[in-house]
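Visitor: One file: final_24.cif (mmCIF, C-alpha atoms and all ligand atoms).
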```cif
data_my_file
loop_
_atom_site.label_atom_id
_atom_site.label_comp_id
_atom_site.auth_asym_id
_atom_site.auth_seq_id
_atom_site.Cartn_x
_atom_site.Cartn_y
_atom_site.Cartn_z
CA MET A 1 -101.04 -8.95 -17.42
CA LYS A 2 -103.01 -5.73 -17.91
CA ILE A 3 -102.85 -2.54 -15.85
CA ASN A 4 -104.80 0.73 -15.83
CA ALA A 5 -103.33 3.82 -17.46
CA LEU A 6 -104.36 7.32 -18.59
CA THR A 7 -103.59 7.67 -22.26
CA LEU A 8 -104.12 9.38 -25.57
CA ASP A 9 -104.45 7.32 -28.76
CA LEU A 10 -103.95 9.46 -31.86
CA GLN A 11 -105.67 6.88 -34.04
CA ALA A 12 -108.62 5.96 -31.84
CA ASP A 13 -109.11 9.37 -30.18
CA GLY A 14 -107.37 11.85 -32.51
CA TRP A 15 -105.58 15.00 -31.35
CA SER A 16 -108.13 17.68 -32.14
CA SER A 17 -111.18 15.39 -32.18
CA SER A 18 -110.75 14.41 -28.53
CA ARG A 19 -110.09 15.99 -25.17
CA GLY A 20 -108.67 14.93 -21.82
CA PHE A 21 -106.95 11.70 -20.79
CA ILE A 22 -108.53 8.40 -21.80
CA LYS A 23 -108.42 5.56 -19.29
CA ARG A 24 -107.40 2.25 -20.85
CA THR A 25 -105.83 -1.02 -19.89
CA VAL A 26 -102.31 -1.49 -21.22
CA PRO A 27 -99.84 -4.36 -20.86
CA ARG A 28 -97.84 -4.29 -17.64
CA PRO A 29 -94.24 -3.41 -18.60
CA ILE A 30 -91.58 -6.08 -18.15
CA LEU A 31 -87.79 -6.12 -17.95
CA ASP A 32 -86.17 -8.62 -20.30
CA GLU A 33 -82.52 -7.99 -21.11
CA THR A 34 -82.48 -10.81 -23.66
CA VAL A 35 -85.05 -8.91 -25.74
CA GLN A 36 -83.99 -5.32 -25.00
CA ALA A 37 -80.40 -4.72 -23.92
CA SER A 38 -81.26 -1.31 -22.42
CA ASP A 39 -83.41 -3.08 -19.80
CA ALA A 40 -80.12 -3.74 -17.97
CA THR A 41 -80.19 -0.08 -16.92
CA ALA A 42 -83.96 0.27 -16.43
CA VAL A 43 -86.31 -0.37 -13.52
CA ILE A 44 -89.96 -1.21 -13.02
CA ILE A 45 -91.68 1.18 -10.65
CA LYS A 46 -94.95 0.66 -8.84
CA VAL A 47 -96.26 4.22 -8.99
CA GLN A 48 -97.78 5.51 -5.75
CA TYR A 49 -98.67 9.13 -6.55
CA ALA A 50 -98.53 10.94 -9.89
CA GLY A 51 -98.77 14.73 -10.26
CA VAL A 52 -100.90 16.51 -12.85
CA CYS A 53 -98.66 19.15 -14.42
CA GLY A 54 -99.51 22.36 -16.25
CA SER A 55 -98.24 20.61 -19.37
CA ASP A 56 -100.73 17.78 -18.74
CA ARG A 57 -103.45 20.44 -18.66
CA GLY A 58 -102.08 21.71 -21.98
CA ILE A 59 -102.41 18.19 -23.40
CA TRP A 60 -105.85 17.75 -21.81
CA ASN A 61 -107.03 20.83 -23.74
CA ARG A 62 -104.88 19.94 -26.80
CA VAL A 63 -103.19 23.37 -26.80
CA ALA A 64 -99.58 22.32 -26.15
CA PHE A 65 -97.08 19.68 -27.27
CA SER A 66 -99.09 18.56 -30.30
CA GLU A 67 -95.98 18.27 -32.47
CA MET A 68 -93.92 16.44 -29.86
CA VAL A 69 -96.66 13.89 -29.20
CA GLN A 70 -97.43 13.30 -32.87
CA GLN A 71 -93.86 13.16 -34.16
CA SER A 72 -92.64 10.85 -31.40
CA LEU A 73 -95.52 8.42 -31.96
CA GLU A 74 -94.83 8.43 -35.71
CA HIS A 75 -91.20 7.68 -34.94
CA GLU A 76 -92.17 4.80 -32.61
CA GLN A 77 -94.68 3.59 -35.24
CA LYS A 78 -97.54 3.38 -32.77
CA SER A 79 -100.52 5.55 -31.83
CA LEU A 80 -100.92 5.21 -28.07
CA ARG A 81 -99.14 7.44 -25.58
CA ILE A 82 -99.27 6.82 -21.82
CA LEU A 83 -99.34 10.33 -20.32
CA GLY A 84 -97.88 11.80 -17.11
CA HIS A 85 -94.40 12.58 -15.82
CA GLU A 86 -94.42 13.53 -12.13
CA PHE A 87 -94.21 10.60 -9.74
CA VAL A 88 -93.17 8.88 -6.59
CA GLY A 89 -93.13 5.13 -6.28
CA ALA A 90 -91.23 2.00 -5.33
CA VAL A 91 -88.64 0.17 -7.40
CA ILE A 92 -89.96 -3.41 -7.65
CA GLN A 93 -87.55 -4.76 -10.26
CA ALA A 94 -84.16 -3.51 -11.45
CA GLY A 95 -81.97 -4.36 -14.45
CA SER A 96 -78.65 -6.12 -13.87
CA MET A 97 -76.55 -2.92 -14.13
CA VAL A 98 -78.75 -0.60 -12.09
CA GLN A 99 -77.18 -1.05 -8.68
CA HIS A 100 -73.64 -0.91 -10.07
CA LEU A 101 -74.22 2.26 -12.09
CA TYR A 102 -76.73 4.17 -9.98
CA GLY A 103 -76.75 2.63 -6.50
CA ILE A 104 -80.48 2.00 -6.73
CA THR A 105 -81.99 -1.28 -5.59
CA VAL A 106 -85.36 -3.02 -5.36
CA GLY A 107 -87.32 -1.53 -2.48
CA ASN A 108 -86.02 2.04 -2.91
CA THR A 109 -88.62 4.80 -3.00
CA VAL A 110 -87.91 7.13 -5.88
CA SER A 111 -89.02 10.21 -7.74
CA GLY A 112 -87.26 11.20 -10.93
CA ASP A 113 -86.67 13.66 -13.72
CA SER A 114 -89.14 13.57 -16.60
CA HIS A 115 -86.52 14.33 -19.27
CA VAL A 116 -84.84 11.19 -20.57
CA THR A 117 -81.57 12.57 -21.91
CA CYS A 118 -79.13 10.80 -24.23
CA GLY A 119 -75.86 11.21 -22.34
CA ARG A 120 -73.96 11.31 -25.65
CA CYS A 121 -74.64 14.69 -27.28
CA TYR A 122 -72.47 17.81 -26.94
CA GLN A 123 -74.75 19.36 -24.30
CA CYS A 124 -75.02 16.18 -22.23
CA ARG A 125 -71.24 15.81 -22.23
CA LEU A 126 -70.89 19.43 -21.05
CA GLY A 127 -73.31 18.86 -18.16
CA GLU A 128 -76.16 20.78 -19.82
CA ALA A 129 -78.50 17.82 -20.14
CA GLU A 130 -81.58 20.04 -19.81
CA VAL A 131 -80.94 21.06 -23.43
CA CYS A 132 -79.97 17.57 -24.64
CA GLN A 133 -80.29 17.28 -28.42
CA ASP A 134 -81.77 13.81 -28.29
CA GLN A 135 -84.12 13.73 -25.34
CA ALA A 136 -87.56 12.36 -24.70
CA ILE A 137 -90.03 13.67 -22.14
CA LEU A 138 -92.00 11.13 -20.16
CA GLY A 139 -95.70 11.27 -20.99
CA ILE A 140 -95.10 13.49 -24.04
CA SER A 141 -92.49 12.05 -26.38
CA THR A 142 -92.12 8.66 -24.67
CA ASP A 143 -94.54 6.68 -22.51
CA GLY A 144 -95.12 8.28 -19.13
CA ILE A 145 -96.13 7.44 -15.61
CA PHE A 146 -99.94 7.69 -15.44
CA ALA A 147 -99.99 3.90 -15.05
CA GLN A 148 -99.89 1.53 -12.12
CA TYR A 149 -96.51 0.15 -13.21
CA VAL A 150 -93.95 1.83 -15.43
CA LYS A 151 -90.54 1.11 -16.92
CA ILE A 152 -88.04 3.98 -16.56
CA PRO A 153 -84.29 4.36 -17.18
CA ALA A 154 -82.62 4.19 -13.76
CA LYS A 155 -80.45 7.19 -14.59
CA ASN A 156 -83.55 9.39 -14.25
CA LEU A 157 -84.32 8.36 -10.69
CA TRP A 158 -83.89 10.42 -7.56
CA PRO A 159 -84.14 8.30 -4.39
CA VAL A 160 -86.27 9.96 -1.72
CA ASP A 161 -86.50 9.58 2.04
CA LEU A 162 -90.13 9.60 3.13
CA THR A 163 -89.14 10.44 6.71
CA ARG A 164 -87.87 13.81 5.40
CA VAL A 165 -90.35 14.61 2.64
CA ARG A 166 -93.87 13.14 2.61
CA PRO A 167 -94.78 11.04 -0.45
CA GLU A 168 -97.44 13.42 -1.82
CA VAL A 169 -94.82 16.19 -1.84
CA CYS A 170 -92.13 13.88 -3.31
CA ALA A 171 -94.51 13.43 -6.25
CA VAL A 172 -94.11 17.15 -7.12
CA TYR A 173 -90.31 17.33 -7.08
CA ASP A 174 -90.25 17.61 -10.87
CA PRO A 175 -92.41 20.79 -11.20
CA PHE A 176 -90.95 22.20 -7.97
CA GLY A 177 -87.60 21.70 -9.69
CA ASN A 178 -88.77 23.88 -12.59
CA ALA A 179 -89.33 26.70 -10.10
CA VAL A 180 -85.95 26.02 -8.45
CA HIS A 181 -84.30 26.12 -11.89
CA ALA A 182 -86.01 29.45 -12.68
CA LEU A 183 -85.19 31.03 -9.31
CA THR A 184 -81.53 29.94 -9.40
CA LYS A 185 -81.01 31.41 -12.89
CA VAL A 186 -80.89 34.98 -11.61
CA ASP A 187 -80.03 36.48 -8.26
CA VAL A 188 -83.28 37.58 -6.62
CA ARG A 189 -81.77 38.75 -3.33
CA GLY A 190 -83.24 42.16 -2.59
CA ALA A 191 -85.03 42.15 -5.93
CA ARG A 192 -88.57 43.08 -6.88
CA VAL A 193 -89.98 40.05 -8.65
CA ALA A 194 -93.23 39.74 -10.61
CA ILE A 195 -94.63 36.30 -11.32
CA PHE A 196 -97.06 36.28 -14.25
CA GLY A 197 -99.18 33.16 -13.82
CA CYS A 198 -99.86 31.78 -10.33
CA GLY A 199 -100.65 28.20 -11.26
CA GLN A 200 -98.75 25.40 -9.58
CA ILE A 201 -95.24 26.35 -10.69
CA GLY A 202 -95.91 30.06 -10.24
CA LEU A 203 -96.99 29.28 -6.66
CA PHE A 204 -93.82 27.25 -6.06
CA ALA A 205 -91.89 30.22 -7.48
CA ILE A 206 -93.48 32.54 -4.91
CA LEU A 207 -92.33 30.28 -2.05
CA LEU A 208 -88.82 30.14 -3.49
CA ALA A 209 -88.55 33.86 -4.35
CA ARG A 210 -89.34 34.64 -0.69
CA HIS A 211 -86.96 31.94 0.53
CA PHE A 212 -84.12 33.20 -1.68
CA GLY A 213 -84.52 36.75 -0.40
CA ALA A 214 -86.60 38.77 -2.87
CA ALA A 215 -87.60 42.11 -1.36
CA LYS A 216 -90.99 42.29 -3.06
CA VAL A 217 -92.91 39.49 -4.75
CA ILE A 218 -95.88 40.38 -6.94
CA GLY A 219 -98.22 37.64 -8.21
CA VAL A 220 -100.36 38.23 -11.31
CA ASP A 221 -103.19 35.94 -12.42
CA THR A 222 -106.71 35.93 -13.80
CA ASN A 223 -107.88 33.46 -11.16
CA ALA A 224 -108.89 34.99 -7.81
CA ALA A 225 -108.49 31.72 -5.90
CA ASN A 226 -104.93 31.31 -7.17
CA LEU A 227 -104.18 34.88 -6.10
CA ALA A 228 -105.57 34.27 -2.61
CA MET A 229 -103.28 31.25 -2.39
CA ALA A 230 -100.36 33.33 -3.71
CA LYS A 231 -100.93 35.81 -0.88
CA THR A 232 -101.08 33.04 1.74
CA LEU A 233 -97.82 31.62 0.39
CA GLY A 234 -96.03 34.93 0.83
CA ALA A 235 -96.62 37.18 -2.18
CA HIS A 236 -96.41 40.78 -0.91
CA GLU A 237 -98.84 41.99 -3.55
CA VAL A 238 -101.20 40.36 -6.02
CA ILE A 239 -102.73 41.80 -9.17
CA HIS A 240 -105.98 40.43 -10.52
CA LEU A 241 -105.68 40.50 -14.30
CA GLN A 242 -109.12 41.26 -15.75
CA PRO A 243 -110.01 41.07 -19.43
CA THR A 244 -109.97 44.56 -20.95
CA GLU A 245 -110.54 46.05 -24.38
CA LYS A 246 -107.32 45.71 -26.35
CA MET A 247 -106.36 46.27 -29.94
CA HIS A 248 -104.91 42.73 -30.16
CA ASP A 249 -105.09 39.69 -27.89
CA TYR A 250 -101.31 39.65 -27.67
CA ASP A 251 -101.01 43.24 -26.40
CA ALA A 252 -99.74 43.85 -22.87
CA ASP A 253 -102.38 44.63 -20.23
CA ALA A 254 -102.21 48.37 -19.53
CA VAL A 255 -103.96 48.16 -16.15
CA VAL A 256 -101.54 45.53 -14.85
CA LEU A 257 -98.53 47.51 -16.07
CA LYS A 258 -99.82 50.63 -14.33
CA GLN A 259 -100.19 48.72 -11.06
CA ILE A 260 -96.67 47.31 -11.35
CA GLN A 261 -95.29 50.79 -11.99
CA SER A 262 -97.01 52.06 -8.89
CA LEU A 263 -95.85 49.10 -6.74
CA THR A 264 -92.25 49.68 -7.88
CA HIS A 265 -92.26 53.49 -7.56
CA GLY A 266 -92.11 53.96 -11.31
CA LYS A 267 -89.11 51.70 -11.94
CA GLY A 268 -90.59 48.37 -13.01
CA VAL A 269 -89.60 45.03 -11.51
CA ASP A 270 -86.03 43.73 -11.51
CA VAL A 271 -87.12 40.23 -12.51
CA SER A 272 -90.24 38.98 -14.34
CA LEU A 273 -91.20 35.32 -14.52
CA GLU A 274 -93.54 34.29 -17.34
CA MET A 275 -95.39 31.24 -16.04
CA ALA A 276 -98.71 31.43 -17.87
CA GLY A 277 -97.75 30.77 -21.49
CA PHE A 278 -99.85 33.50 -23.11
CA ASN A 279 -98.52 35.89 -25.74
CA SER A 280 -99.93 38.86 -23.78
CA SER A 281 -98.19 37.57 -20.66
CA VAL A 282 -94.82 37.62 -22.45
CA ASN A 283 -95.52 41.21 -23.50
CA ASN A 284 -96.51 42.05 -19.92
CA CYS A 285 -93.11 40.75 -18.76
CA LEU A 286 -91.24 42.79 -21.38
CA ALA A 287 -93.08 45.96 -20.42
CA ALA A 288 -93.13 45.46 -16.63
CA THR A 289 -89.40 44.82 -16.24
CA ARG A 290 -87.10 47.74 -15.49
CA PHE A 291 -84.29 48.84 -17.80
CA GLY A 292 -81.46 46.32 -17.36
CA GLY A 293 -83.75 43.77 -15.72
CA HIS A 294 -84.16 40.04 -16.26
CA ILE A 295 -87.01 38.07 -17.79
CA ILE A 296 -87.45 34.36 -17.26
CA LEU A 297 -89.63 32.64 -19.86
CA PHE A 298 -91.11 29.32 -18.83
CA GLY A 299 -94.74 28.98 -20.02
CA ILE A 300 -95.14 27.05 -23.26
CA LYS A 301 -97.86 27.29 -25.87
CA ASP A 302 -97.88 26.05 -29.46
CA GLY A 303 -97.77 28.53 -32.32
CA ASP A 304 -96.28 31.97 -33.05
CA PHE A 305 -96.05 34.90 -30.66
CA THR A 306 -96.01 38.60 -31.58
CA ILE A 307 -93.81 41.14 -29.82
CA PRO A 308 -94.85 44.70 -30.70
CA GLY A 309 -92.06 47.27 -30.50
CA PHE A 310 -89.36 44.59 -30.57
CA SER A 311 -86.52 47.15 -30.37
CA ARG A 312 -87.64 48.23 -26.87
CA MET A 313 -86.35 44.93 -25.60
CA ILE A 314 -82.85 45.82 -26.82
CA VAL A 315 -83.00 49.49 -25.90
CA LYS A 316 -84.03 48.54 -22.36
CA GLY A 317 -81.06 46.17 -22.11
CA LEU A 318 -83.24 43.30 -20.94
CA THR A 319 -81.75 39.86 -20.38
CA ILE A 320 -84.02 36.99 -21.39
CA HIS A 321 -83.60 33.52 -19.90
CA ASN A 322 -85.44 30.44 -21.10
CA ILE A 323 -86.08 27.69 -18.59
CA ILE A 324 -86.58 24.16 -19.78
CA GLY A 325 -86.70 21.26 -17.34
CA ARG A 326 -84.25 21.06 -14.48
CA GLN A 327 -80.46 20.97 -14.27
CA ILE A 328 -80.01 17.27 -13.62
CA PHE A 329 -79.30 16.72 -10.74
CA TYR A 330 -78.06 20.06 -9.43
CA THR A 331 -81.63 21.41 -9.28
CA TRP A 332 -82.80 18.24 -7.54
CA GLN A 333 -80.21 18.60 -4.80
CA ILE A 334 -81.32 22.16 -4.05
CA ALA A 335 -84.99 21.14 -4.21
CA GLN A 336 -84.36 18.34 -1.72
CA ARG A 337 -82.53 20.63 0.70
CA VAL A 338 -85.26 23.26 0.53
CA MET A 339 -88.07 20.71 0.91
CA SER A 340 -86.53 18.68 3.71
CA ASP A 341 -85.63 21.67 5.90
CA LYS A 342 -88.87 21.82 7.87
CA SER A 343 -87.90 25.15 9.47
CA ASN A 344 -88.47 27.13 6.24
CA GLY A 345 -92.11 26.00 6.07
CA ILE A 346 -91.97 25.24 2.35
CA GLN A 347 -92.82 21.54 2.51
CA ASP A 348 -95.72 22.25 4.88
CA SER A 349 -96.95 25.09 2.66
CA ILE A 350 -96.99 22.79 -0.35
CA TRP A 351 -98.89 20.10 1.54
CA GLU A 352 -101.26 22.29 3.57
CA ILE A 353 -101.96 25.18 1.21
CA ILE A 354 -101.29 24.08 -2.38
CA LEU A 355 -102.27 20.41 -1.94
CA LYS A 356 -104.89 21.31 0.73
CA GLN A 357 -103.77 18.28 2.80
CA GLY A 358 -105.20 16.06 0.10
CA ASN A 359 -108.75 17.41 0.52
CA GLY A 360 -110.21 17.11 -2.97
CA THR A 361 -106.78 17.26 -4.58
CA ILE A 362 -106.01 13.52 -4.74
CA ILE A 363 -107.93 11.44 -7.26
CA THR A 364 -107.84 7.67 -7.00
CA LEU A 365 -107.22 6.15 -10.42
CA SER A 366 -110.31 3.94 -10.11
CA ASP A 367 -112.43 7.09 -9.56
CA PHE A 368 -111.05 8.87 -12.62
CA ALA A 369 -113.73 10.36 -14.86
CA PRO A 370 -113.35 13.26 -17.33
CA ASP A 371 -116.08 15.45 -15.80
CA ILE A 372 -114.72 15.04 -12.25
CA MET A 373 -111.27 15.85 -13.56
CA GLU A 374 -112.40 19.03 -15.36
CA GLN A 375 -114.18 20.21 -12.23
CA LYS A 376 -111.15 19.53 -10.03
CA MET A 377 -108.75 21.19 -12.46
CA ALA A 378 -110.89 24.33 -12.25
CA GLU A 379 -110.97 24.17 -8.43
CA HIS A 380 -107.36 23.30 -7.55
CA PRO A 381 -104.01 24.45 -8.95
CA LYS A 382 -102.40 21.08 -8.20
CA LEU A 383 -103.86 17.56 -8.39
CA LEU A 384 -102.37 14.16 -7.69
CA PHE A 385 -103.48 10.73 -8.78
CA ASP A 386 -103.33 7.91 -6.27
CA MET A 387 -102.28 5.16 -8.66
CA GLN A 388 -102.71 2.21 -6.31
CA PRO A 389 -106.34 1.82 -5.27
ZN ZN B 401 -94.41 18.80 -15.27
ZN ZN B 402 -77.94 14.50 -24.94
#
```
Mind turning this structure into C-alpha cells?
Guide:
Amino acid sequence: MKINALTLDLQADGWSSSRGFIKRTVPRPILDETVQASDATAVIIKVQYAGVCGSDRGIWNRVAFSEMVQQSLEHEQKSLRILGHEFVGAVIQAGSMVQHLYGITVGNTVSGDSHVTCGRCYQCRLGEAEVCQDQAILGISTDGIFAQYVKIPAKNLWPVDLTRVRPEVCAVYDPFGNAVHALTKVDVRGARVAIFGCGQIGLFAILLARHFGAAKVIGVDTNAANLAMAKTLGAHEVIHLQPTEKMHDYDADAVVLKQIQSLTHGKGVDVSLEMAGFNSSVNNCLAATRFGGHIILFGIKDGDFTIPGFSRMIVKGLTIHNIIGRQIFYTWQIAQRVMSDKSNGIQDSIWEIILKQGNGTIITLSDFAPDIMEQKMAEHPKLLFDMQP
C-alpha cells in the first residue's frame, strides 16, 4: 500500500540541484518482528499534524544538514529521505514489547522527541541522551514524519492529553522543548535577556523568558512581522536589524549593539540567545553580553564561522552554552506543565498568535505545492501540515 510523503531524493533530485520538499508516494510502513526484531519496540503512527521546523526550512533552502542527510543515506545505502520531525498522531499498531516497556498502547495520542538515541553509549547511560554518540534525527538522518503513516521507536514517544493541550499545539512540543531546554540552562530570573532571531523557537523563548521571570526581554530580528509578534508575546523591547555597510558579513551589527547598550544602561545583557544561525548573529551575542554573562548558542548553519577578537570572549569571562535537542524527558515534563497550565496564557498565545488559530498556517498535505509553501514560509513563522485529508 502506498502513502503520500514529503521527501528529498539525493539521486533523483540532488542536494544542490533541487530545492524544497518533493511530494512522492512511498510504501506504507509495516511492523513485522519476524523480519526486523526491533519492530517489537516500535509503533506505527497515523500522523495528524506535523510541524515545519526551522531546520526543515534549512533543508528546504539546502543551507543546513547537508552532511547529515548525505552521510546517513550513504550508510543506509539508499537515496530517499522522508523529511519532518515534529508531530502529533495516534498509535495504530504497537510491537509486542511496547506496552510492557513504555506503557503505550494502540489508541494513544502521542507526540515525541525527534532524536532517536542509542541508549548504550556513555552519554545515554549518564542521562545525557541529547548528546548521544550514536543518534539519528527523524527527517534528517533517519526517515521522518512528513508522511501519513510512520514507524517510530516507542521509546521516543510522549503521550499527550488532548483535553489539556490542543492537537495543533501538541505538534510543536519538540521545538517548544528546544526553547525550554535553552531557558532552563541558565537562570533568567531578574535577568536582561536578548533573543537574536525571533523565528518560531525565538518566539517560544520570549514566552518562556517572561514566564521564568526575566526582567527585560529584547527581541532582535530582520523581519518586522516577527518583531510585531515578539512584542505581542511579551518582549519588552524589539530591535529591527537592518542591513548596514560592514567590513565583513560576519561582523557584529554596530547599530544593534548600540541599542542594546542603551536599553541596558551601558552594561550589556546578562543572557544572549542565538536563534538565527548567522555568523554575524553569533558575534552580536558575544558583543552584546555583559562581562560575566551567558550566551546560549542554538542556531545551526553549515560551514565555518569567524570570531574577530577571539580573546575578548575570555577577557569578558563569558560562559557559552550549546543547546542541542531536548533533555529527554526532563524538558518534555516541563514543557507539558507550562503548556497545560492555561492560567499562564502560553498555550493560548501559541495557538492564537504564533499559529494564528490555524488561519493560513495549516497546509493540508493534498494541497501541498512548492510555490504555496514558499509564500507561506515568508508570511508565517510557524506552519503545520494536516497529514490526514
Ligand atoms: Zn525541529
Ligand atoms: Zn547514546
Visitor: Please check which protein, DNA or RNA residues sit within 8 Å of ligand ZN 402 (chain B), counting all atoms listed in the file, and write them as a ChimeraX atom specification.
Guide: /A:117-125,129,131-135
Visitor: Residues near stretch 177-186 of chain A, anyone? I mean within 10 Å using only C-alpha atoms, not counting same-chain ones fewer than 2 positions away, as an NGL selection string.
Guide: :A and (113 or 172-175 or 188-189 or 200-209 or 212 or 271 or 273 or 275 or 294-298 or 321-336 or 338)
Visitor: Filtering to C-alpha atoms, could you give me those residues as a PDB file, in the frame of the given file?
Guide:
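Output saved as result34.pdb:
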```pdb
ATOM      1  CA  ASP A 113     -86.670  13.660 -13.720  1.00  0.00           C
ATOM      2  CA  VAL A 172     -94.110  17.150  -7.120  1.00  0.00           C
ATOM      3  CA  TYR A 173     -90.310  17.330  -7.080  1.00  0.00           C
ATOM      4  CA  ASP A 174     -90.250  17.610 -10.870  1.00  0.00           C
ATOM      5  CA  PRO A 175     -92.410  20.790 -11.200  1.00  0.00           C
ATOM      6  CA  VAL A 188     -83.280  37.580  -6.620  1.00  0.00           C
ATOM      7  CA  ARG A 189     -81.770  38.750  -3.330  1.00  0.00           C
ATOM      8  CA  GLN A 200     -98.750  25.400  -9.580  1.00  0.00           C
ATOM      9  CA  ILE A 201     -95.240  26.350 -10.690  1.00  0.00           C
ATOM     10  CA  GLY A 202     -95.910  30.060 -10.240  1.00  0.00           C
ATOM     11  CA  LEU A 203     -96.990  29.280  -6.660  1.00  0.00           C
ATOM     12  CA  PHE A 204     -93.820  27.250  -6.060  1.00  0.00           C
ATOM     13  CA  ALA A 205     -91.890  30.220  -7.480  1.00  0.00           C
ATOM     14  CA  ILE A 206     -93.480  32.540  -4.910  1.00  0.00           C
ATOM     15  CA  LEU A 207     -92.330  30.280  -2.050  1.00  0.00           C
ATOM     16  CA  LEU A 208     -88.820  30.140  -3.490  1.00  0.00           C
ATOM     17  CA  ALA A 209     -88.550  33.860  -4.350  1.00  0.00           C
ATOM     18  CA  PHE A 212     -84.120  33.200  -1.680  1.00  0.00           C
ATOM     19  CA  VAL A 271     -87.120  40.230 -12.510  1.00  0.00           C
ATOM     20  CA  LEU A 273     -91.200  35.320 -14.520  1.00  0.00           C
ATOM     21  CA  MET A 275     -95.390  31.240 -16.040  1.00  0.00           C
ATOM     22  CA  HIS A 294     -84.160  40.040 -16.260  1.00  0.00           C
ATOM     23  CA  ILE A 295     -87.010  38.070 -17.790  1.00  0.00           C
ATOM     24  CA  ILE A 296     -87.450  34.360 -17.260  1.00  0.00           C
ATOM     25  CA  LEU A 297     -89.630  32.640 -19.860  1.00  0.00           C
ATOM     26  CA  PHE A 298     -91.110  29.320 -18.830  1.00  0.00           C
ATOM     27  CA  HIS A 321     -83.600  33.520 -19.900  1.00  0.00           C
ATOM     28  CA  ASN A 322     -85.440  30.440 -21.100  1.00  0.00           C
ATOM     29  CA  ILE A 323     -86.080  27.690 -18.590  1.00  0.00           C
ATOM     30  CA  ILE A 324     -86.580  24.160 -19.780  1.00  0.00           C
ATOM     31  CA  GLY A 325     -86.700  21.260 -17.340  1.00  0.00           C
ATOM     32  CA  ARG A 326     -84.250  21.060 -14.480  1.00  0.00           C
ATOM     33  CA  GLN A 327     -80.460  20.970 -14.270  1.00  0.00           C
ATOM     34  CA  ILE A 328     -80.010  17.270 -13.620  1.00  0.00           C
ATOM     35  CA  PHE A 329     -79.300  16.720 -10.740  1.00  0.00           C
ATOM     36  CA  TYR A 330     -78.060  20.060  -9.430  1.00  0.00           C
ATOM     37  CA  THR A 331     -81.630  21.410  -9.280  1.00  0.00           C
ATOM     38  CA  TRP A 332     -82.800  18.240  -7.540  1.00  0.00           C
ATOM     39  CA  GLN A 333     -80.210  18.600  -4.800  1.00  0.00           C
ATOM     40  CA  ILE A 334     -81.320  22.160  -4.050  1.00  0.00           C
ATOM     41  CA  ALA A 335     -84.990  21.140  -4.210  1.00  0.00           C
ATOM     42  CA  GLN A 336     -84.360  18.340  -1.720  1.00  0.00           C
ATOM     43  CA  VAL A 338     -85.260  23.260   0.530  1.00  0.00           C
TER      44      VAL A 338
END
```
Visitor: Leaving out A:Ala154 and any residue of its chain fewer than 4 positions from it, which residues lie within 6 Å of it when counting only C-alpha atoms, given as an MDAnalysis selection string?
Guide: chainID A and resid 41:43
Visitor: Could you write those residues out with C-alpha atoms, as a PDB file, keeping the file's coordinate frame?
Guide:
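Dumped everything to selection.pdb:
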```pdb
ATOM      1  CA  THR A  41     -80.190  -0.080 -16.920  1.00  0.00           C
ATOM      2  CA  ALA A  42     -83.960   0.270 -16.430  1.00  0.00           C
ATOM      3  CA  VAL A  43     -86.310  -0.370 -13.520  1.00  0.00           C
TER       4      VAL A  43
END
```
Visitor: Applying 12 Å and only C-alpha atoms, which residues near A:Ser18 remain after dropping the ones on its own chain fewer than 5 positions away? List them as a ChimeraX atom specification.
Guide: /A:7-13,59-63,370
Visitor: Could you pull out the residues sitting within 7 Å of ligand ZN 401 (chain B), using only C-alpha atoms and all ligand atoms, and write them as a tab-separated table (two decimals) with C-alpha atoms, in the coordinates of the input?
Guide:
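Saved as selection_15.tsv:
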```
chain	number	residue	atom	x	y	z
A	53	CYS	CA	-98.66	19.15	-14.42
A	54	GLY	CA	-99.51	22.36	-16.25
A	55	SER	CA	-98.24	20.61	-19.37
A	85	HIS	CA	-94.40	12.58	-15.82
A	86	GLU	CA	-94.42	13.53	-12.13
A	174	ASP	CA	-90.25	17.61	-10.87
A	175	PRO	CA	-92.41	20.79	-11.20
```
Visitor: When you count all atoms listed in the file, which of these residues is closest to A:Asn223: A:Gly317, A:Gly95, A:Gly20, A:Pro381?
Guide: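 Result for the nearest residue to A:Asn223: A:Pro381.
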Visitor: Within 8 Å of stretch 255-260 of chain A, counting all atoms listed in the file, which residues show up once you throw out same-chain ones fewer than 4 positions away? Write them as a list in words, please.
Guide: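 Here the qualifying residues turn out to be Ile239, Leu241, Thr264, Gly268, Val269, Asn284, Ala287 and Ala288 of chain A.
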Visitor: Between atom CA of A:Val165 and atom CA of A:Ile300, what is the distance, to one decimal in Å?
Guide: 29.1 Å
Visitor: State, in Å with one decimal place, the distance from atom CA of A:Lys2 to atom CA of A:Gly144.
Guide: 16.1 Å
Visitor: Taking all atoms listed in the file into account, which of A:Ile30, A:Ser349, A:Gly299, A:Arg337 comes nearest A:Ala230?
Guide: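 Closest candidate: A:Ser349.
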Visitor: Can you measure atom CA of A:Ile104 to atom CA of A:Phe146 for me? One decimal in Å is fine.
Guide: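 Interatomic distance, atom CA of A:Ile104 to atom CA of A:Phe146: 22.1 Å.
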Visitor: Between A:Asp270, A:Glu245, A:Asp143, A:Glu76, which residue has the minimum interatomic distance to A:Phe291, considering all atoms listed in the file?
Guide: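 Comparing A:Asp270, A:Glu245, A:Asp143, A:Glu76 against A:Phe291, the winner is A:Asp270.
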Visitor: Return the single residue from A:Ala228, A:Ala40, A:Leu383, A:Ile346 that is closest to A:Thr364, with distances computed using only C-alpha atoms.
Guide: A:Leu383
Visitor: The residues within 7 Å of (-97.8, 40.3, -21.9), using only C-alpha atoms and the coordinates of the file, should be reported as a list in words; which are they?
Guide: Tyr250, Asp251, Ala252, Asp253, Asn279, Ser280, Ser281, Val282, Asn283, Asn284 and Cys285 of chain A
Visitor: Pick from A:Ser38, A:Thr289, A:Gln48, A:Asn156: nearest to A:Gly266, with only C-alpha atoms counted?
Guide: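 Ranking A:Ser38, A:Thr289, A:Gln48, A:Asn156 by distance to A:Gly266, first place goes to A:Thr289.
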Visitor: What lies within 10 Å of A:Leu365 using all atoms listed in the file, ignoring chain neighbours under 6 positions off, as a list of chain:residue names?
Guide: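 Residues meeting the cut-off are A:Asn4, A:Ala5, A:Leu6, A:Lys23, A:Tyr49, A:Ala50, A:Phe146, A:Ala147, A:Gln148, A:Leu384, A:Phe385, A:Asp386, A:Met387, A:Gln388, A:Pro389.
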